[in-house]
Amino acid sequence: MNSAMLNGSLRKSWVLLVAAVCLPALAGTDTLSDGLRRCASETAQTQRLACFDKLAASLPKVEADKFGMTADIAHKRAPTEDYDNKKEVLTGTIRALRQGPRGELIFTLDNNQVWRQDQPSPNISFSVGEAVRIEHGAMSSLWLAADHGRKTKVRRVS
């Protein structure tokens, strides 16, 4: 076997090894546009429809999960992905409520997101089962709001 054939064979093995290691990691970072392309490339009509249905079912969860995403949380989840904080409102219900070490409230919503009150506000109370919304404020702030004008500045924990 000559050296050119050996180098070519070695190069092919190297490429296959890199692909085997990297492709599974990349599969978890499938973006919406990648998913649409993947579904559109399906040739069988029933498989294409099932692919689009599966993709569409994941959309509300994906959008709600990105709401309030801080740079730290985004980097922990996907170091190469860039998250946009949109001027939208996230609605939910308080599933759990506890007090932090400084007296601040820690809210767990029905979508499993955890939010921490920036500063304790003894004048404002919230309760489990209460409907709330998280809104964008000035200078990238986020506010948890409920009925009767109750509102407190929060940060997303997870």
# chains A, B, ... in the order shown; residues from 1 in each chain; ligands from 1
>>> residues_around(residues="Gly137 in chain A", least_positions_apart="3", cutoff="12 Å", atoms="only C-alpha atoms", output="tab-separated table (two decimals) with N, CA and C atoms, in the first residue's frame")
chain	number	residue	atom	x	y	z
A	68	GLY	N	-37.47	35.41	29.52
A	68	GLY	CA	-36.73	35.77	30.73
A	68	GLY	C	-35.37	35.09	30.84
A	85	ASN	N	-34.58	38.27	24.10
A	85	ASN	CA	-35.63	38.59	25.07
A	85	ASN	C	-36.63	39.47	24.34
A	86	LYS	N	-37.83	38.95	24.13
A	86	LYS	CA	-38.85	39.67	23.38
A	86	LYS	C	-39.72	40.48	24.32
A	87	LYS	N	-40.34	41.50	23.78
A	87	LYS	CA	-41.26	42.35	24.55
A	87	LYS	C	-42.62	41.67	24.60
A	88	GLU	N	-42.69	40.59	25.32
A	88	GLU	CA	-43.91	39.82	25.45
A	88	GLU	C	-44.21	39.63	26.93
A	89	VAL	N	-45.33	39.02	27.20
A	89	VAL	CA	-45.74	38.73	28.56
A	89	VAL	C	-45.86	37.21	28.69
A	134	ILE	N	-45.39	37.64	33.85
A	134	ILE	CA	-44.06	38.24	33.95
A	134	ILE	C	-43.91	39.15	32.75
A	140	SER	N	-34.15	46.33	30.77
A	140	SER	CA	-34.11	44.86	30.79
A	140	SER	C	-34.62	44.24	32.09
A	141	SER	N	-35.38	44.97	32.87
A	141	SER	CA	-35.92	44.41	34.11
A	141	SER	C	-37.12	43.53	33.78
A	142	LEU	N	-37.42	42.62	34.69
A	142	LEU	CA	-38.58	41.74	34.57
A	142	LEU	C	-39.40	41.86	35.84
A	143	TRP	N	-40.73	41.90	35.68
A	143	TRP	CA	-41.64	42.11	36.80
A	143	TRP	C	-42.67	41.00	36.84
A	144	LEU	N	-42.89	40.44	38.04
A	144	LEU	CA	-43.97	39.49	38.25
A	144	LEU	C	-45.16	40.30	38.73
A	145	ALA	N	-46.27	40.18	38.02
A	145	ALA	CA	-47.45	40.98	38.34
A	145	ALA	C	-48.66	40.08	38.54
A	151	LYS	N	-47.14	44.02	42.04
A	151	LYS	CA	-46.04	43.84	41.10
A	151	LYS	C	-44.73	43.87	41.86
A	152	THR	N	-43.81	42.96	41.50
A	152	THR	CA	-42.49	42.94	42.13
A	152	THR	C	-41.43	42.59	41.09
A	153	LYS	N	-40.28	43.21	41.21
A	153	LYS	CA	-39.18	42.96	40.28
A	153	LYS	C	-38.59	41.59	40.59
A	154	VAL	N	-38.34	40.80	39.52
A	154	VAL	CA	-37.83	39.43	39.69
A	154	VAL	C	-36.70	39.15	38.73
A	155	ARG	N	-35.98	38.07	39.03
A	155	ARG	CA	-34.94	37.53	38.14
A	155	ARG	C	-35.19	36.05	38.00
>>> select_by_dssp(residues="range 31-130 of chain A", states="helix (DSSP H, G or I)", output="PyMOL selection string")
chain A and resi 32-40+45-66+71-77
>>> residues_around(residues="Asp147 in chain A", least_positions_apart="2", cutoff="12 Å", atoms="only C-alpha atoms", output="PDB file with all heavy atoms, in the first residue's frame")
ATOM      1  N   ILE A 124     -46.421  43.421  49.836  1.00  0.00           N
ATOM      2  CA  ILE A 124     -47.038  42.698  48.729  1.00  0.00           C
ATOM      3  C   ILE A 124     -47.029  41.208  49.039  1.00  0.00           C
ATOM      4  O   ILE A 124     -46.005  40.659  49.429  1.00  0.00           O
ATOM      5  CB  ILE A 124     -46.263  42.936  47.408  1.00  0.00           C
ATOM      6  CG1 ILE A 124     -46.190  44.417  47.104  1.00  0.00           C
ATOM      7  CG2 ILE A 124     -46.907  42.195  46.268  1.00  0.00           C
ATOM      8  CD1 ILE A 124     -45.307  44.744  45.920  1.00  0.00           C
ATOM      9  N   SER A 125     -48.189  40.567  48.882  1.00  0.00           N
ATOM     10  CA  SER A 125     -48.242  39.126  49.131  1.00  0.00           C
ATOM     11  C   SER A 125     -48.760  38.400  47.885  1.00  0.00           C
ATOM     12  O   SER A 125     -49.535  38.943  47.105  1.00  0.00           O
ATOM     13  CB  SER A 125     -49.130  38.814  50.334  1.00  0.00           C
ATOM     14  OG  SER A 125     -50.461  39.178  50.048  1.00  0.00           O
ATOM     15  N   PHE A 126     -48.283  37.193  47.727  1.00  0.00           N
ATOM     16  CA  PHE A 126     -48.704  36.307  46.637  1.00  0.00           C
ATOM     17  C   PHE A 126     -49.030  34.964  47.258  1.00  0.00           C
ATOM     18  O   PHE A 126     -48.595  34.670  48.372  1.00  0.00           O
ATOM     19  CB  PHE A 126     -47.581  36.148  45.613  1.00  0.00           C
ATOM     20  CG  PHE A 126     -47.213  37.423  44.915  1.00  0.00           C
ATOM     21  CD1 PHE A 126     -46.201  38.231  45.416  1.00  0.00           C
ATOM     22  CD2 PHE A 126     -47.871  37.823  43.769  1.00  0.00           C
ATOM     23  CE1 PHE A 126     -45.851  39.409  44.777  1.00  0.00           C
ATOM     24  CE2 PHE A 126     -47.533  39.001  43.129  1.00  0.00           C
ATOM     25  CZ  PHE A 126     -46.519  39.798  43.631  1.00  0.00           C
ATOM     26  N   SER A 127     -49.791  34.123  46.541  1.00  0.00           N
ATOM     27  CA  SER A 127     -50.122  32.815  47.088  1.00  0.00           C
ATOM     28  C   SER A 127     -50.078  31.741  46.005  1.00  0.00           C
ATOM     29  O   SER A 127     -50.214  32.031  44.812  1.00  0.00           O
ATOM     30  CB  SER A 127     -51.502  32.845  47.749  1.00  0.00           C
ATOM     31  OG  SER A 127     -52.474  33.236  46.812  1.00  0.00           O
ATOM     32  N   GLU A 130     -52.172  31.224  42.438  1.00  0.00           N
ATOM     33  CA  GLU A 130     -52.522  32.533  41.896  1.00  0.00           C
ATOM     34  C   GLU A 130     -52.006  32.698  40.460  1.00  0.00           C
ATOM     35  O   GLU A 130     -50.877  32.314  40.152  1.00  0.00           O
ATOM     36  CB  GLU A 130     -51.925  33.612  42.793  1.00  0.00           C
ATOM     37  CG  GLU A 130     -52.380  34.991  42.474  1.00  0.00           C
ATOM     38  CD  GLU A 130     -51.956  35.979  43.553  1.00  0.00           C
ATOM     39  OE1 GLU A 130     -51.089  35.665  44.380  1.00  0.00           O
ATOM     40  OE2 GLU A 130     -52.514  37.082  43.525  1.00  0.00           O
ATOM     41  N   ALA A 131     -52.826  33.269  39.600  1.00  0.00           N
ATOM     42  CA  ALA A 131     -52.423  33.562  38.226  1.00  0.00           C
ATOM     43  C   ALA A 131     -51.540  34.807  38.226  1.00  0.00           C
ATOM     44  O   ALA A 131     -51.876  35.808  38.861  1.00  0.00           O
ATOM     45  CB  ALA A 131     -53.643  33.786  37.345  1.00  0.00           C
ATOM     46  N   VAL A 132     -50.403  34.718  37.535  1.00  0.00           N
ATOM     47  CA  VAL A 132     -49.464  35.831  37.456  1.00  0.00           C
ATOM     48  C   VAL A 132     -48.977  35.980  36.020  1.00  0.00           C
ATOM     49  O   VAL A 132     -49.202  35.117  35.180  1.00  0.00           O
ATOM     50  CB  VAL A 132     -48.251  35.636  38.407  1.00  0.00           C
ATOM     51  CG1 VAL A 132     -48.685  35.656  39.857  1.00  0.00           C
ATOM     52  CG2 VAL A 132     -47.499  34.365  38.086  1.00  0.00           C
ATOM     53  N   ARG A 133     -48.312  37.071  35.779  1.00  0.00           N
ATOM     54  CA  ARG A 133     -47.678  37.294  34.482  1.00  0.00           C
ATOM     55  C   ARG A 133     -46.316  37.929  34.728  1.00  0.00           C
ATOM     56  O   ARG A 133     -46.130  38.648  35.710  1.00  0.00           O
ATOM     57  CB  ARG A 133     -48.549  38.144  33.566  1.00  0.00           C
ATOM     58  CG  ARG A 133     -48.850  39.502  34.080  1.00  0.00           C
ATOM     59  CD  ARG A 133     -49.956  40.198  33.272  1.00  0.00           C
ATOM     60  NE  ARG A 133     -50.240  41.490  33.863  1.00  0.00           N
ATOM     61  CZ  ARG A 133     -50.964  41.684  34.949  1.00  0.00           C
ATOM     62  NH1 ARG A 133     -51.527  40.657  35.561  1.00  0.00           N
ATOM     63  NH2 ARG A 133     -51.147  42.886  35.428  1.00  0.00           N
ATOM     64  N   LEU A 144     -42.892  40.440  38.035  1.00  0.00           N
ATOM     65  CA  LEU A 144     -43.966  39.486  38.247  1.00  0.00           C
ATOM     66  C   LEU A 144     -45.160  40.297  38.733  1.00  0.00           C
ATOM     67  O   LEU A 144     -45.047  41.031  39.715  1.00  0.00           O
ATOM     68  CB  LEU A 144     -43.559  38.440  39.284  1.00  0.00           C
ATOM     69  CG  LEU A 144     -44.584  37.336  39.514  1.00  0.00           C
ATOM     70  CD1 LEU A 144     -43.897  35.984  39.558  1.00  0.00           C
ATOM     71  CD2 LEU A 144     -45.357  37.572  40.793  1.00  0.00           C
ATOM     72  N   ALA A 145     -46.266  40.177  38.024  1.00  0.00           N
ATOM     73  CA  ALA A 145     -47.448  40.981  38.340  1.00  0.00           C
ATOM     74  C   ALA A 145     -48.663  40.079  38.536  1.00  0.00           C
ATOM     75  O   ALA A 145     -48.783  39.027  37.915  1.00  0.00           O
ATOM     76  CB  ALA A 145     -47.714  41.975  37.214  1.00  0.00           C
ATOM     77  N   GLY A 149     -52.954  45.345  40.920  1.00  0.00           N
ATOM     78  CA  GLY A 149     -51.756  46.169  40.804  1.00  0.00           C
ATOM     79  C   GLY A 149     -50.543  45.673  41.573  1.00  0.00           C
ATOM     80  O   GLY A 149     -49.578  46.406  41.737  1.00  0.00           O
ATOM     81  N   ARG A 150     -50.596  44.430  42.062  1.00  0.00           N
ATOM     82  CA  ARG A 150     -49.434  43.895  42.784  1.00  0.00           C
ATOM     83  C   ARG A 150     -48.348  43.525  41.789  1.00  0.00           C
ATOM     84  O   ARG A 150     -48.596  42.805  40.830  1.00  0.00           O
ATOM     85  CB  ARG A 150     -49.819  42.677  43.620  1.00  0.00           C
ATOM     86  CG  ARG A 150     -50.739  43.044  44.766  1.00  0.00           C
ATOM     87  CD  ARG A 150     -51.254  41.842  45.500  1.00  0.00           C
ATOM     88  NE  ARG A 150     -52.068  41.038  44.588  1.00  0.00           N
ATOM     89  CZ  ARG A 150     -52.049  39.720  44.543  1.00  0.00           C
ATOM     90  NH1 ARG A 150     -51.289  39.023  45.343  1.00  0.00           N
ATOM     91  NH2 ARG A 150     -52.819  39.069  43.693  1.00  0.00           N
ATOM     92  N   LYS A 151     -47.142  44.022  42.038  1.00  0.00           N
ATOM     93  CA  LYS A 151     -46.038  43.840  41.096  1.00  0.00           C
ATOM     94  C   LYS A 151     -44.728  43.866  41.857  1.00  0.00           C
ATOM     95  O   LYS A 151     -44.548  44.679  42.761  1.00  0.00           O
ATOM     96  CB  LYS A 151     -46.070  44.991  40.087  1.00  0.00           C
ATOM     97  CG  LYS A 151     -45.280  44.813  38.860  1.00  0.00           C
ATOM     98  CD  LYS A 151     -45.437  46.064  37.979  1.00  0.00           C
ATOM     99  CE  LYS A 151     -45.988  45.678  36.640  1.00  0.00           C
ATOM    100  NZ  LYS A 151     -45.926  46.769  35.677  1.00  0.00           N
TER     101      LYS A 151
END
>>> residues_around(residues="Ala50 in chain A", least_positions_apart="6", cutoff="12 Å", atoms="only C-alpha atoms", output="PyMOL selection string")
chain A and resi 38-40+42-44+56-57
>>> residues_around(residues="range 97-107 of chain A", least_positions_apart="5", cutoff="7 Å", atoms="only C-alpha atoms", output="list in words")
Val114, Trp115, Arg116, Gln117, Asp118, Gln119, Pro120 and Val128 of chain A
>>> residues_around(residues="Gly35 in chain A", least_positions_apart="2", cutoff="12 Å", atoms="only C-alpha atoms", output="list of chain:residue names")
A:Ala27, A:Gly28, A:Thr29, A:Asp30, A:Thr31, A:Leu32, A:Ser33, A:Arg37, A:Arg38, A:Cys39, A:Ala40, A:Ser41, A:Glu42, A:Arg48, A:Cys51, A:Phe52, A:Asp53, A:Lys54, A:Leu55, A:Ala56, A:Ser58, A:Leu59
>>> atom_distance(atom1="CA of His136 in chain A", atom2="CA of Leu36 in chain A")
29.4 Å
>>> atom_distance(atom1="CA of Ile94 in chain A", atom2="CA of Ser158 in chain A")
14.7 Å
>>> atom_distance(atom1="CA of Asp65 in chain A", atom2="CA of Ala138 in chain A")
21.4 Å
